$ cat upload_36.tsv   # TSV, C-alpha atoms and all ligand atoms
chain	number	residue	atom	x	y	z
A	1	MET	CA	79.81	-6.55	-89.83
A	2	ASN	CA	81.07	-2.98	-89.28
A	3	VAL	CA	79.37	-0.64	-91.73
A	4	LEU	CA	79.91	3.01	-92.60
A	5	VAL	CA	76.72	4.69	-93.85
A	6	THR	CA	77.37	7.96	-95.68
A	7	GLY	CA	74.34	10.23	-95.74
A	8	GLY	CA	73.47	8.30	-92.59
A	9	ALA	CA	71.49	11.17	-91.10
A	10	GLY	CA	69.45	11.67	-94.29
A	11	PHE	CA	66.14	10.05	-95.20
A	12	ILE	CA	67.08	6.63	-96.63
A	13	GLY	CA	70.33	6.58	-94.64
A	14	SER	CA	68.48	6.88	-91.30
A	15	TYR	CA	66.37	3.83	-92.08
A	16	VAL	CA	69.44	1.92	-93.25
A	17	VAL	CA	71.20	2.80	-89.98
A	18	CYS	CA	68.20	1.51	-87.95
A	19	GLU	CA	67.87	-1.66	-90.05
A	20	LEU	CA	71.59	-2.44	-89.68
A	21	ILE	CA	71.51	-1.89	-85.91
A	22	LYS	CA	68.40	-4.10	-85.65
A	23	ALA	CA	70.24	-6.85	-87.53
A	24	GLY	CA	73.15	-6.67	-85.03
A	25	HIS	CA	75.74	-4.80	-87.15
A	26	ASN	CA	77.97	-1.99	-85.84
A	27	VAL	CA	77.26	1.28	-87.58
A	28	ALA	CA	79.12	4.54	-88.10
A	29	ALA	CA	76.83	7.12	-89.72
A	30	TYR	CA	78.68	9.85	-91.60
A	31	ASP	CA	76.92	13.00	-92.76
A	32	ARG	CA	77.73	16.67	-93.03
A	33	GLN	CA	74.42	17.45	-91.31
A	34	ILE	CA	74.11	15.16	-88.31
A	35	THR	CA	71.45	17.17	-86.45
A	36	HIS	CA	68.14	18.63	-87.63
A	37	ASN	CA	68.02	15.88	-90.21
A	38	SER	CA	65.87	12.80	-90.89
A	39	LEU	CA	67.69	10.72	-88.27
A	40	ASP	CA	66.03	12.82	-85.53
A	41	HIS	CA	62.64	11.51	-86.77
A	42	VAL	CA	63.63	7.90	-87.39
A	43	LEU	CA	66.04	6.73	-84.69
A	44	SER	CA	64.53	5.54	-81.42
A	45	GLY	CA	66.28	6.01	-78.05
A	46	PRO	CA	67.64	2.48	-77.45
A	47	GLN	CA	69.07	2.23	-80.97
A	48	SER	CA	71.19	5.37	-80.60
A	49	SER	CA	73.49	3.69	-78.08
A	50	ASN	CA	74.75	1.30	-80.81
A	51	LEU	CA	75.60	4.09	-83.23
A	52	THR	CA	78.62	6.30	-83.84
A	53	LEU	CA	77.63	9.54	-85.51
A	54	VAL	CA	80.36	11.47	-87.33
A	55	ALA	CA	80.01	14.90	-88.94
A	56	GLY	CA	82.01	15.22	-92.12
A	57	ASP	CA	82.04	15.71	-95.85
A	58	VAL	CA	82.17	12.71	-98.11
A	59	THR	CA	84.79	14.37	-100.32
A	60	ASP	CA	87.23	14.36	-97.36
A	61	ALA	CA	89.30	11.27	-98.17
A	62	THR	CA	91.64	11.68	-95.18
A	63	LYS	CA	88.83	11.77	-92.64
A	64	LEU	CA	87.03	8.86	-94.29
A	65	GLY	CA	90.24	6.80	-94.31
A	66	GLU	CA	90.70	7.44	-90.58
A	67	ILE	CA	87.13	6.37	-89.84
A	68	LEU	CA	87.51	3.18	-91.86
A	69	ARG	CA	90.60	2.30	-89.80
A	70	GLN	CA	89.22	3.42	-86.43
A	71	HIS	CA	85.96	1.50	-86.81
A	72	ARG	CA	87.47	-1.43	-88.70
A	73	VAL	CA	84.85	-0.90	-91.35
A	74	ASP	CA	84.06	-3.92	-93.55
A	75	ALA	CA	81.63	-2.31	-95.99
A	76	ILE	CA	80.20	1.08	-96.99
A	77	ALA	CA	76.61	2.03	-97.78
A	78	HIS	CA	77.14	5.26	-99.73
A	79	LEU	CA	73.92	7.30	-99.67
A	80	ALA	CA	75.24	10.86	-99.32
A	81	SER	CA	74.24	12.93	-102.32
A	82	PRO	CA	72.36	16.06	-103.24
A	83	LEU	CA	68.98	15.37	-104.89
A	84	SER	CA	67.89	16.40	-108.38
A	85	ALA	CA	66.37	19.81	-107.57
A	86	GLN	CA	69.53	20.94	-105.74
A	87	THR	CA	71.87	20.09	-108.62
A	88	GLU	CA	70.09	21.37	-111.73
A	89	ASP	CA	71.15	24.99	-111.16
A	90	ASN	CA	74.44	24.13	-109.55
A	91	PRO	CA	76.73	21.96	-111.71
A	92	ASP	CA	79.63	22.56	-109.32
A	93	LEU	CA	77.62	21.00	-106.47
A	94	ALA	CA	76.70	18.03	-108.68
A	95	ILE	CA	80.25	17.36	-109.79
A	96	ARG	CA	81.77	17.74	-106.31
A	97	ASN	CA	79.13	15.98	-104.25
A	98	MET	CA	78.14	13.28	-106.71
A	99	ILE	CA	81.08	12.47	-108.99
A	100	GLN	CA	84.06	13.51	-106.85
A	101	ALA	CA	82.33	12.03	-103.80
A	102	GLN	CA	81.81	8.68	-105.56
A	103	HIS	CA	85.45	8.68	-106.62
A	104	VAL	CA	86.61	9.32	-103.04
A	105	ILE	CA	84.40	6.52	-101.69
A	106	LEU	CA	85.68	4.04	-104.27
A	107	GLU	CA	89.32	5.06	-103.65
A	108	VAL	CA	89.16	4.80	-99.85
A	109	ALA	CA	87.28	1.49	-100.13
A	110	ARG	CA	89.90	0.12	-102.51
A	111	ALA	CA	92.80	1.33	-100.33
A	112	ALA	CA	91.23	-0.25	-97.23
A	113	ASN	CA	90.46	-3.48	-99.10
A	114	LEU	CA	86.80	-3.36	-98.09
A	115	LYS	CA	84.39	-6.20	-98.73
A	116	LYS	CA	81.77	-4.12	-100.48
A	117	VAL	CA	80.41	-0.71	-101.46
A	118	VAL	CA	76.63	-0.51	-101.90
A	119	TRP	CA	75.47	2.88	-103.20
A	120	ALA	CA	72.35	4.69	-104.35
A	121	SER	CA	71.98	5.21	-108.05
A	122	SER	CA	68.61	6.36	-109.40
A	123	VAL	CA	66.04	5.61	-112.10
A	124	ALA	CA	66.90	9.17	-113.23
A	125	VAL	CA	69.55	7.45	-115.39
A	126	TYR	CA	66.66	6.58	-117.74
A	127	GLY	CA	64.89	8.90	-120.18
A	128	ARG	CA	61.52	9.58	-121.81
A	129	PRO	CA	58.98	6.77	-122.30
A	130	GLN	CA	59.33	7.09	-126.10
A	131	GLN	CA	62.98	6.00	-125.79
A	132	TYR	CA	61.93	2.64	-124.35
A	133	PRO	CA	59.66	0.85	-126.84
A	134	THR	CA	59.67	-2.31	-124.69
A	135	LEU	CA	58.38	-2.12	-121.14
A	136	PRO	CA	59.26	-2.74	-118.39
A	137	VAL	CA	62.68	-1.13	-118.84
A	138	SER	CA	65.20	-3.96	-118.63
A	139	ASN	CA	68.07	-3.86	-116.14
A	140	ASP	CA	70.62	-3.29	-118.91
A	141	ALA	CA	68.59	-0.77	-120.96
A	142	PRO	CA	70.49	2.26	-122.28
A	143	HIS	CA	70.65	5.45	-120.22
A	144	TYR	CA	69.20	8.70	-121.59
A	145	PRO	CA	69.34	10.95	-118.50
A	146	MET	CA	67.31	14.15	-118.67
A	147	SER	CA	68.97	15.92	-115.75
A	148	LEU	CA	72.45	16.65	-114.50
A	149	TYR	CA	71.58	14.49	-111.49
A	150	GLY	CA	70.66	11.53	-113.73
A	151	ALA	CA	73.80	12.03	-115.83
A	152	CYS	CA	76.00	12.04	-112.69
A	153	LYS	CA	74.33	8.84	-111.42
A	154	SER	CA	74.89	7.25	-114.83
A	155	PHE	CA	78.57	8.24	-114.80
A	156	ASN	CA	78.88	6.91	-111.24
A	157	GLU	CA	77.52	3.55	-112.40
A	158	TYR	CA	80.26	3.47	-115.01
A	159	LEU	CA	82.93	4.58	-112.50
A	160	SER	CA	81.88	1.98	-109.92
A	161	SER	CA	81.85	-0.83	-112.48
A	162	HIS	CA	85.31	0.33	-113.56
A	163	TYR	CA	86.58	-0.11	-109.98
A	164	THR	CA	85.08	-3.60	-109.91
A	165	ASP	CA	86.57	-4.63	-113.26
A	166	LYS	CA	89.98	-2.98	-112.79
A	167	TYR	CA	90.60	-3.39	-109.06
A	168	GLY	CA	88.23	-6.16	-107.96
A	169	LEU	CA	86.33	-3.87	-105.56
A	170	ASP	CA	82.85	-5.32	-105.05
A	171	THR	CA	80.41	-2.48	-105.84
A	172	LEU	CA	76.62	-2.67	-106.09
A	173	GLY	CA	74.43	0.24	-107.24
A	174	LEU	CA	70.70	0.37	-106.53
A	175	ARG	CA	68.60	2.46	-108.92
A	176	PHE	CA	65.99	3.75	-106.53
A	177	PRO	CA	62.66	4.99	-107.88
A	178	ALA	CA	60.43	7.33	-105.81
A	179	VAL	CA	61.19	6.54	-102.16
A	180	TYR	CA	58.55	7.70	-99.67
A	181	GLY	CA	57.83	7.48	-95.95
A	182	VAL	CA	58.00	9.40	-92.69
A	183	GLY	CA	61.05	11.60	-92.14
A	184	ARG	CA	61.79	12.72	-95.67
A	185	MET	CA	63.04	16.32	-95.54
A	186	ARG	CA	64.26	17.02	-99.07
A	187	GLY	CA	63.09	16.45	-102.63
A	188	ALA	CA	59.87	16.74	-104.59
A	189	ALA	CA	56.83	18.21	-102.82
A	190	MET	CA	54.61	15.21	-103.50
A	191	PHE	CA	56.83	12.98	-101.41
A	192	LEU	CA	57.33	15.51	-98.63
A	193	ASP	CA	53.69	16.42	-98.01
A	194	LEU	CA	51.61	13.47	-99.18
A	195	ILE	CA	51.69	11.67	-95.82
A	196	GLU	CA	52.33	14.24	-93.08
A	197	LYS	CA	49.79	16.88	-94.14
A	198	PRO	CA	46.66	14.69	-94.51
A	199	ALA	CA	47.65	12.67	-91.42
A	200	LEU	CA	47.60	15.90	-89.40
A	201	GLY	CA	44.44	17.28	-91.05
A	202	LEU	CA	46.32	19.95	-93.02
A	203	PRO	CA	45.54	20.84	-96.66
A	204	CYS	CA	47.98	19.40	-99.17
A	205	ARG	CA	48.89	20.78	-102.59
A	206	LEU	CA	50.41	18.26	-104.99
A	207	PRO	CA	52.00	18.99	-108.38
A	208	MET	CA	51.98	16.56	-111.33
A	209	ALA	CA	49.00	14.60	-110.03
A	210	ASP	CA	48.73	12.49	-113.20
A	211	ALA	CA	52.30	11.29	-112.87
A	212	VAL	CA	52.79	7.57	-112.47
A	213	TYR	CA	55.61	6.52	-110.14
A	214	ASP	CA	57.13	3.32	-108.98
A	215	TRP	CA	56.56	3.69	-105.22
A	216	LEU	CA	59.19	2.17	-102.95
A	217	TYR	CA	58.52	2.48	-99.22
A	218	VAL	CA	61.62	3.65	-97.34
A	219	VAL	CA	61.52	0.54	-95.11
A	220	ASP	CA	61.91	-1.59	-98.26
A	221	ALA	CA	64.65	0.76	-99.56
A	222	ALA	CA	66.59	0.21	-96.32
A	223	ALA	CA	65.99	-3.55	-96.45
A	224	VAL	CA	67.42	-3.84	-99.96
A	225	VAL	CA	70.54	-1.87	-98.96
A	226	VAL	CA	71.14	-4.21	-96.01
A	227	GLN	CA	70.45	-7.30	-98.13
A	228	ALA	CA	72.86	-6.01	-100.80
A	229	LEU	CA	75.57	-5.38	-98.17
A	230	CYS	CA	75.25	-8.96	-96.95
A	231	ALA	CA	75.04	-10.59	-100.41
A	232	SER	CA	77.98	-12.33	-102.00
A	233	LYS	CA	79.42	-10.76	-105.14
A	234	THR	CA	76.78	-10.43	-107.85
A	235	ALA	CA	77.27	-10.89	-111.60
A	236	THR	CA	75.51	-7.55	-112.22
A	237	ARG	CA	76.80	-4.26	-110.81
A	238	ASN	CA	73.77	-1.94	-110.96
A	239	PHE	CA	70.16	-2.91	-110.40
A	240	ASN	CA	66.68	-1.56	-111.06
A	241	VAL	CA	64.71	-1.44	-107.80
A	242	GLY	CA	60.95	-1.00	-107.58
A	243	CYS	CA	57.77	-2.07	-105.89
A	244	GLU	CA	54.43	-0.81	-107.21
A	245	LEU	CA	53.31	1.45	-110.06
A	246	ALA	CA	50.57	3.96	-109.25
A	247	SER	CA	49.64	7.52	-110.08
A	248	LEU	CA	49.69	10.24	-107.47
A	249	ARG	CA	45.89	10.42	-107.89
A	250	GLN	CA	45.63	6.73	-106.95
A	251	ALA	CA	47.76	7.32	-103.84
A	252	VAL	CA	45.49	10.23	-102.88
A	253	ALA	CA	42.35	8.10	-103.45
A	254	THR	CA	43.82	5.44	-101.15
A	255	ILE	CA	44.48	8.00	-98.40
A	256	ARG	CA	40.91	9.30	-98.78
A	257	GLU	CA	39.55	5.83	-97.96
A	258	TRP	CA	40.80	6.39	-94.39
A	259	LEU	CA	40.60	10.17	-94.32
A	260	PRO	CA	37.56	11.11	-96.47
A	261	ASP	CA	37.71	14.76	-95.39
A	262	ALA	CA	41.39	15.24	-96.28
A	263	VAL	CA	41.88	18.33	-98.44
A	264	PHE	CA	44.07	17.82	-101.52
A	265	GLU	CA	44.68	20.38	-104.22
A	266	LEU	CA	45.84	18.36	-107.22
A	267	GLU	CA	47.64	20.14	-110.04
A	268	PRO	CA	47.48	18.28	-113.36
A	269	GLY	CA	50.70	17.20	-114.99
A	270	GLU	CA	52.81	14.17	-115.79
A	271	TYR	CA	56.32	13.03	-114.92
A	272	PRO	CA	58.54	13.00	-118.02
A	273	ILE	CA	60.65	9.92	-117.20
A	274	VAL	CA	59.73	6.31	-117.99
A	275	GLU	CA	58.49	4.65	-114.79
A	276	GLU	CA	58.13	0.93	-115.37
A	277	TYR	CA	61.27	-1.02	-114.52
A	278	ASP	CA	62.06	-4.69	-114.66
A	279	CYS	CA	63.46	-5.66	-111.24
A	280	SER	CA	63.83	-9.38	-111.92
A	281	THR	CA	67.66	-9.18	-112.05
A	282	LEU	CA	67.74	-7.86	-108.48
A	283	ARG	CA	65.32	-10.57	-107.35
A	284	ALA	CA	67.35	-13.29	-109.09
A	285	GLU	CA	70.77	-12.15	-107.84
A	286	ILE	CA	70.14	-11.02	-104.28
A	287	GLY	CA	66.63	-12.37	-103.65
A	288	PHE	CA	65.05	-9.03	-102.77
A	289	VAL	CA	61.25	-8.97	-102.74
A	290	PRO	CA	59.58	-5.75	-101.46
A	291	GLN	CA	57.29	-6.24	-98.48
A	292	TRP	CA	55.43	-2.93	-98.51
A	293	PRO	CA	52.84	-2.39	-101.26
A	294	LEU	CA	51.57	1.19	-101.50
A	295	ARG	CA	48.32	0.68	-99.58
A	296	LYS	CA	49.98	-1.05	-96.61
A	297	ALA	CA	52.85	1.47	-96.52
A	298	LEU	CA	50.58	4.54	-96.69
A	299	HIS	CA	48.46	3.19	-93.84
A	300	HIS	CA	51.58	2.43	-91.79
A	301	SER	CA	53.15	5.84	-92.31
A	302	LEU	CA	49.94	7.82	-91.76
A	303	ASN	CA	49.59	6.04	-88.42
A	304	ILE	CA	53.22	6.79	-87.44
A	305	VAL	CA	52.54	10.51	-87.94
A	306	ARG	CA	49.21	10.31	-86.09
A	307	THR	CA	50.71	8.38	-83.15
A	308	ARG	CA	53.39	11.03	-82.73
A	309	ALA	CA	50.80	13.80	-82.86
A	310	GLY	CA	48.54	12.04	-80.29
A	311	LEU	CA	45.74	11.60	-82.87
A	312	PRO	CA	43.52	8.49	-83.06
A	313	LEU	CA	44.90	5.71	-85.27
A	314	LEU	CA	43.28	4.93	-88.64
A	315	GLY	CA	41.53	1.56	-88.68
B	1	LIG	N1	64.67	9.69	-102.01
B	1	LIG	C1	64.48	9.23	-103.24
B	1	LIG	O1	63.34	9.16	-103.74
B	1	LIG	C2	65.65	8.77	-104.05
B	1	LIG	C3	65.42	8.24	-105.33
B	1	LIG	C4	66.52	7.81	-106.08
B	1	LIG	C5	67.79	7.88	-105.55
B	1	LIG	N2	67.98	8.40	-104.31
B	1	LIG	C6	69.36	8.45	-103.79
B	1	LIG	O2	69.37	7.88	-102.50
B	1	LIG	C7	70.37	8.53	-101.68
B	1	LIG	C8	69.75	9.02	-100.39
B	1	LIG	O3	68.70	9.93	-100.70
B	1	LIG	P1	67.78	10.55	-99.56
B	1	LIG	O4	66.39	10.63	-100.08
B	1	LIG	O5	68.04	9.86	-98.28
B	1	LIG	O6	68.37	12.04	-99.52
B	1	LIG	P2	68.62	12.99	-98.22
B	1	LIG	O7	68.89	14.34	-98.77
B	1	LIG	O8	67.54	12.84	-97.24
B	1	LIG	O9	69.95	12.36	-97.61
B	1	LIG	C9	71.21	12.57	-98.17
B	1	LIG	C10	72.15	12.92	-97.04
B	1	LIG	O10	73.46	13.09	-97.59
B	1	LIG	C11	74.09	14.16	-96.91
B	1	LIG	N3	75.11	14.70	-97.80
B	1	LIG	C12	74.95	15.25	-99.02
B	1	LIG	N4	76.13	15.60	-99.54
B	1	LIG	C13	77.07	15.25	-98.62
B	1	LIG	C14	78.48	15.35	-98.56
B	1	LIG	N5	79.19	15.90	-99.56
B	1	LIG	N6	79.12	14.88	-97.45
B	1	LIG	C15	78.43	14.35	-96.41
B	1	LIG	N7	77.09	14.24	-96.42
B	1	LIG	C16	76.42	14.69	-97.51
B	1	LIG	C17	72.97	15.16	-96.60
B	1	LIG	O11	73.31	15.98	-95.48
B	1	LIG	C18	71.79	14.24	-96.32
B	1	LIG	O12	71.65	14.00	-94.94
B	1	LIG	C19	70.97	9.62	-102.56
B	1	LIG	O13	72.13	9.13	-103.19
B	1	LIG	C20	69.90	9.87	-103.61
B	1	LIG	O14	70.44	10.37	-104.80
B	1	LIG	C21	66.94	8.84	-103.55

$ encode --input "upload_36.tsv" --output "structure tokens" --more "lines below"
Ligand SMILES: NC(=O)c1ccc[n+]([C@@H]2O[C@H](COP(=O)([O-])OP(=O)(O)OC[C@H]3O[C@@H](n4cnc5c(N)ncnc54)[C@H](O)[C@@H]3O)[C@@H](O)[C@H]2O)c1
Amino acid sequence: MNVLVTGGAGFIGSYVVCELIKAGHNVAAYDRQITHNSLDHVLSGPQSSNLTLVAGDVTDATKLGEILRQHRVDAIAHLASPLSAQTEDNPDLAIRNMIQAQHVILEVARAANLKKVVWASSVAVYGRPQQYPTLPVSNDAPHYPMSLYGACKSFNEYLSSHYTDKYGLDTLGLRFPAVYGVGRMRGAAMFLDLIEKPALGLPCRLPMADAVYDWLYVVDAAAVVVQALCASKTATRNFNVGCELASLRQAVATIREWLPDAVFELEPGEYPIVEEYDCSTLRAEIGFVPQWPLRKALHHSLNIVRTRAGLPLLG
């Protein structure tokens, strides 16, 4: 299959690019920042020869249309988006790069008669725990977004389903929870520093240490995107995705088992959004089962950082 990955030089996009290449697909990665991005940390030498890297903005419908034709693209993995912190003080950025961008992707995909658009939604579509009396949050639970980012993702779910219902375009949204791993360059501090700093023996300051997250390792996030791209049309359009619930304190305690001298400064505080999601619809419709529980993934990623730095591996 020929796949266009938007946001293909970003964190999740880089792993999706690698996973697709590994599985024998042809990949065009499209991103407005193709250098000094996560791809530099994720892509290995031999893989780069099977990749076309294109610099461009996802709101540029003409350029995207040309790429779809040139590369005979069959499907799009749409992962280009600003993250929550970037959009809260900049509604214009949110509307252009989330809503307008989604509209452009759906339009070019429809015009080119593509097989499928898989895209990244977010659990930020959900609201406070008090709004969900029954846990885990079911796949079709109502949305009560608490941020502009969450509201845009929620609207994009509606827009994508509209394109499926009205025009028959096969769209599939994945509501990612907290995605972590090596190579993340943007987003909340706890997911940027938690691995790299202790792995290198540097002190690490973490906000909201009492917060409980659903932790999805980026390798699993990439695997579910690839599996979704290859799946036949599902009955459901947008899916909860998750792996393992744990507090930040539990993640830190796990790291300390291997690195007892690691210095963490933990600031108390909780995350305001409900964090327990029912992912059985995703499992039933595309068969995705995460392979990387938190303990295994932390060990794996700490050792990636240590290998690169020439430090001894953790046993
Ligand atoms: N990382 C997480 O924990 C998480 C959780 C939920 C949802 N998501 C979603 O997953 C997707 C990927 O997130 P990520 O963590 O890889 O973020 P990232 O910031 O690492 O990657 C996003 C990439 O998109 C590119 N981009 C942004 N706007 C663009 C535009 N207009 N045109 C072209 N390129 C553009 C950026 O340059 C960046 O490389 C996003 O849609 C995000 O909302 C991520």

$ closest_atom_pairs --input "upload_36.tsv" --of "chain A" --to "ligand LIG 1 (chain B)" --cutoff "8 Å" --atoms "all atoms listed in the file" --output "Markdown table"
| residue | atom | partner | partner_atom | distance |
| --- | --- | --- | --- | --- |
| A:Thr6 | CA | B:LIG1 | N7 | 6.3 |
| A:Gly7 | CA | B:LIG1 | O10 | 3.5 |
| A:Gly8 | CA | B:LIG1 | O12 | 6.4 |
| A:Ala9 | CA | B:LIG1 | O12 | 4.8 |
| A:Gly10 | CA | B:LIG1 | O12 | 3.3 |
| A:Phe11 | CA | B:LIG1 | O5 | 3.6 |
| A:Ile12 | CA | B:LIG1 | O5 | 3.8 |
| A:Gly13 | CA | B:LIG1 | O5 | 5.4 |
| A:Ser14 | CA | B:LIG1 | O5 | 7.6 |
| A:Tyr30 | CA | B:LIG1 | C15 | 6.6 |
| A:Asp31 | CA | B:LIG1 | N7 | 3.9 |
| A:Arg32 | CA | B:LIG1 | C15 | 4.2 |
| A:Gln33 | CA | B:LIG1 | O11 | 4.6 |
| A:Ile34 | CA | B:LIG1 | O12 | 7.2 |
| A:Asn37 | CA | B:LIG1 | O12 | 6.3 |
| A:Ser38 | CA | B:LIG1 | O8 | 6.6 |
| A:Ala55 | CA | B:LIG1 | C15 | 7.7 |
| A:Gly56 | CA | B:LIG1 | C15 | 5.7 |
| A:Asp57 | CA | B:LIG1 | N6 | 3.4 |
| A:Val58 | CA | B:LIG1 | N6 | 3.8 |
| A:Thr59 | CA | B:LIG1 | N5 | 5.9 |
| A:His78 | CA | B:LIG1 | O13 | 7.2 |
| A:Leu79 | CA | B:LIG1 | C7 | 4.3 |
| A:Ala80 | CA | B:LIG1 | O10 | 3.3 |
| A:Ser81 | CA | B:LIG1 | C12 | 4.1 |
| A:Pro82 | CA | B:LIG1 | C12 | 5.0 |
| A:Leu83 | CA | B:LIG1 | O14 | 5.2 |
| A:Ser84 | CA | B:LIG1 | O14 | 7.5 |
| A:Arg96 | CA | B:LIG1 | N5 | 7.5 |
| A:Asn97 | CA | B:LIG1 | N5 | 4.7 |
| A:Met98 | CA | B:LIG1 | N5 | 7.7 |
| A:Ala101 | CA | B:LIG1 | N5 | 6.5 |
| A:Trp119 | CA | B:LIG1 | O13 | 7.1 |
| A:Ala120 | CA | B:LIG1 | O13 | 4.6 |
| A:Ser121 | CA | B:LIG1 | C5 | 5.6 |
| A:Ser122 | CA | B:LIG1 | C4 | 4.2 |
| A:Val123 | CA | B:LIG1 | C4 | 6.4 |
| A:Ala124 | CA | B:LIG1 | C4 | 7.3 |
| A:Tyr149 | CA | B:LIG1 | O14 | 7.9 |
| A:Lys153 | CA | B:LIG1 | O14 | 7.8 |
| A:Arg175 | CA | B:LIG1 | C4 | 6.4 |
| A:Phe176 | CA | B:LIG1 | C4 | 4.1 |
| A:Pro177 | CA | B:LIG1 | C3 | 5.0 |
| A:Ala178 | CA | B:LIG1 | O1 | 4.0 |
| A:Val179 | CA | B:LIG1 | O1 | 3.7 |
| A:Tyr180 | CA | B:LIG1 | O1 | 6.5 |
| A:Arg184 | CA | B:LIG1 | O8 | 6.0 |
| A:Met185 | CA | B:LIG1 | O8 | 5.9 |
| A:Arg186 | CA | B:LIG1 | O7 | 5.4 |
| A:Gly187 | CA | B:LIG1 | N1 | 7.0 |
| A:Phe191 | CA | B:LIG1 | O1 | 7.9 |

$ closest_residue --input "upload_36.tsv" --among "A:Pro272, A:Pro133, A:Gly181, A:Gly173" --to "A:Thr236" --atoms "only C-alpha atoms"
A:Gly173

$ closest_residue --input "upload_36.tsv" --among "A:Leu68, A:Thr254, A:Val117, A:Tyr271" --to "A:Leu229" --atoms "all atoms listed in the file"
A:Val117

$ atom_distance --input "upload_36.tsv" --atom1 "atom CA of A:Arg237" --atom2 "atom CA of A:Phe155"
13.2 Å

$ closest_residue --input "upload_36.tsv" --among "A:Phe264, A:Trp215, A:Tyr126, A:Tyr163" --to "A:Ile105" --atoms "all atoms listed in the file"
A:Tyr163

$ residues_around --input "upload_36.tsv" --residues "stretch 18-20 of chain A" --least-positions-apart "5" --cutoff "12 Å" --atoms "all atoms listed in the file" --output "PyMOL selection string"
chain A and resi 1-5+8-9+11-13+25-29+38-51+75-77+218-230

$ write_last_selection --input "upload_36.tsv" --atoms "C-alpha atoms" --output "mmCIF file, keeping the file's coordinate frame"
data_model
loop_
_atom_site.group_PDB
_atom_site.id
_atom_site.type_symbol
_atom_site.label_atom_id
_atom_site.label_comp_id
_atom_site.auth_asym_id
_atom_site.auth_seq_id
_atom_site.Cartn_x
_atom_site.Cartn_y
_atom_site.Cartn_z
ATOM 1 C CA MET A 1 79.810 -6.550 -89.830
ATOM 2 C CA ASN A 2 81.070 -2.980 -89.280
ATOM 3 C CA VAL A 3 79.370 -0.640 -91.730
ATOM 4 C CA LEU A 4 79.910 3.010 -92.600
ATOM 5 C CA VAL A 5 76.720 4.690 -93.850
ATOM 6 C CA GLY A 8 73.470 8.300 -92.590
ATOM 7 C CA ALA A 9 71.490 11.170 -91.100
ATOM 8 C CA PHE A 11 66.140 10.050 -95.200
ATOM 9 C CA ILE A 12 67.080 6.630 -96.630
ATOM 10 C CA GLY A 13 70.330 6.580 -94.640
ATOM 11 C CA HIS A 25 75.740 -4.800 -87.150
ATOM 12 C CA ASN A 26 77.970 -1.990 -85.840
ATOM 13 C CA VAL A 27 77.260 1.280 -87.580
ATOM 14 C CA ALA A 28 79.120 4.540 -88.100
ATOM 15 C CA ALA A 29 76.830 7.120 -89.720
ATOM 16 C CA SER A 38 65.870 12.800 -90.890
ATOM 17 C CA LEU A 39 67.690 10.720 -88.270
ATOM 18 C CA ASP A 40 66.030 12.820 -85.530
ATOM 19 C CA HIS A 41 62.640 11.510 -86.770
ATOM 20 C CA VAL A 42 63.630 7.900 -87.390
ATOM 21 C CA LEU A 43 66.040 6.730 -84.690
ATOM 22 C CA SER A 44 64.530 5.540 -81.420
ATOM 23 C CA GLY A 45 66.280 6.010 -78.050
ATOM 24 C CA PRO A 46 67.640 2.480 -77.450
ATOM 25 C CA GLN A 47 69.070 2.230 -80.970
ATOM 26 C CA SER A 48 71.190 5.370 -80.600
ATOM 27 C CA SER A 49 73.490 3.690 -78.080
ATOM 28 C CA ASN A 50 74.750 1.300 -80.810
ATOM 29 C CA LEU A 51 75.600 4.090 -83.230
ATOM 30 C CA ALA A 75 81.630 -2.310 -95.990
ATOM 31 C CA ILE A 76 80.200 1.080 -96.990
ATOM 32 C CA ALA A 77 76.610 2.030 -97.780
ATOM 33 C CA VAL A 218 61.620 3.650 -97.340
ATOM 34 C CA VAL A 219 61.520 0.540 -95.110
ATOM 35 C CA ASP A 220 61.910 -1.590 -98.260
ATOM 36 C CA ALA A 221 64.650 0.760 -99.560
ATOM 37 C CA ALA A 222 66.590 0.210 -96.320
ATOM 38 C CA ALA A 223 65.990 -3.550 -96.450
ATOM 39 C CA VAL A 224 67.420 -3.840 -99.960
ATOM 40 C CA VAL A 225 70.540 -1.870 -98.960
ATOM 41 C CA VAL A 226 71.140 -4.210 -96.010
ATOM 42 C CA GLN A 227 70.450 -7.300 -98.130
ATOM 43 C CA ALA A 228 72.860 -6.010 -100.800
ATOM 44 C CA LEU A 229 75.570 -5.380 -98.170
ATOM 45 C CA CYS A 230 75.250 -8.960 -96.950
#

$ residues_near_point --input "upload_36.tsv" --point "(62.0, -3.6, -109.7)" --cutoff "6 Å" --atoms "all atoms listed in the file" --output "list in words"
Asn240, Val241, Gly242, Cys243, Tyr277, Asp278 and Cys279 of chain A

$ atom_distance --input "upload_36.tsv" --atom1 "atom CA of A:Glu196" --atom2 "atom CA of A:Ala251"
13.6 Å

$ residues_around --input "upload_36.tsv" --residues "A:Leu148" --least-positions-apart "5" --cutoff "10 Å" --atoms "only C-alpha atoms" --output "PyMOL selection string"
chain A and resi 84-85+87-91+94-95+124-125+153-154
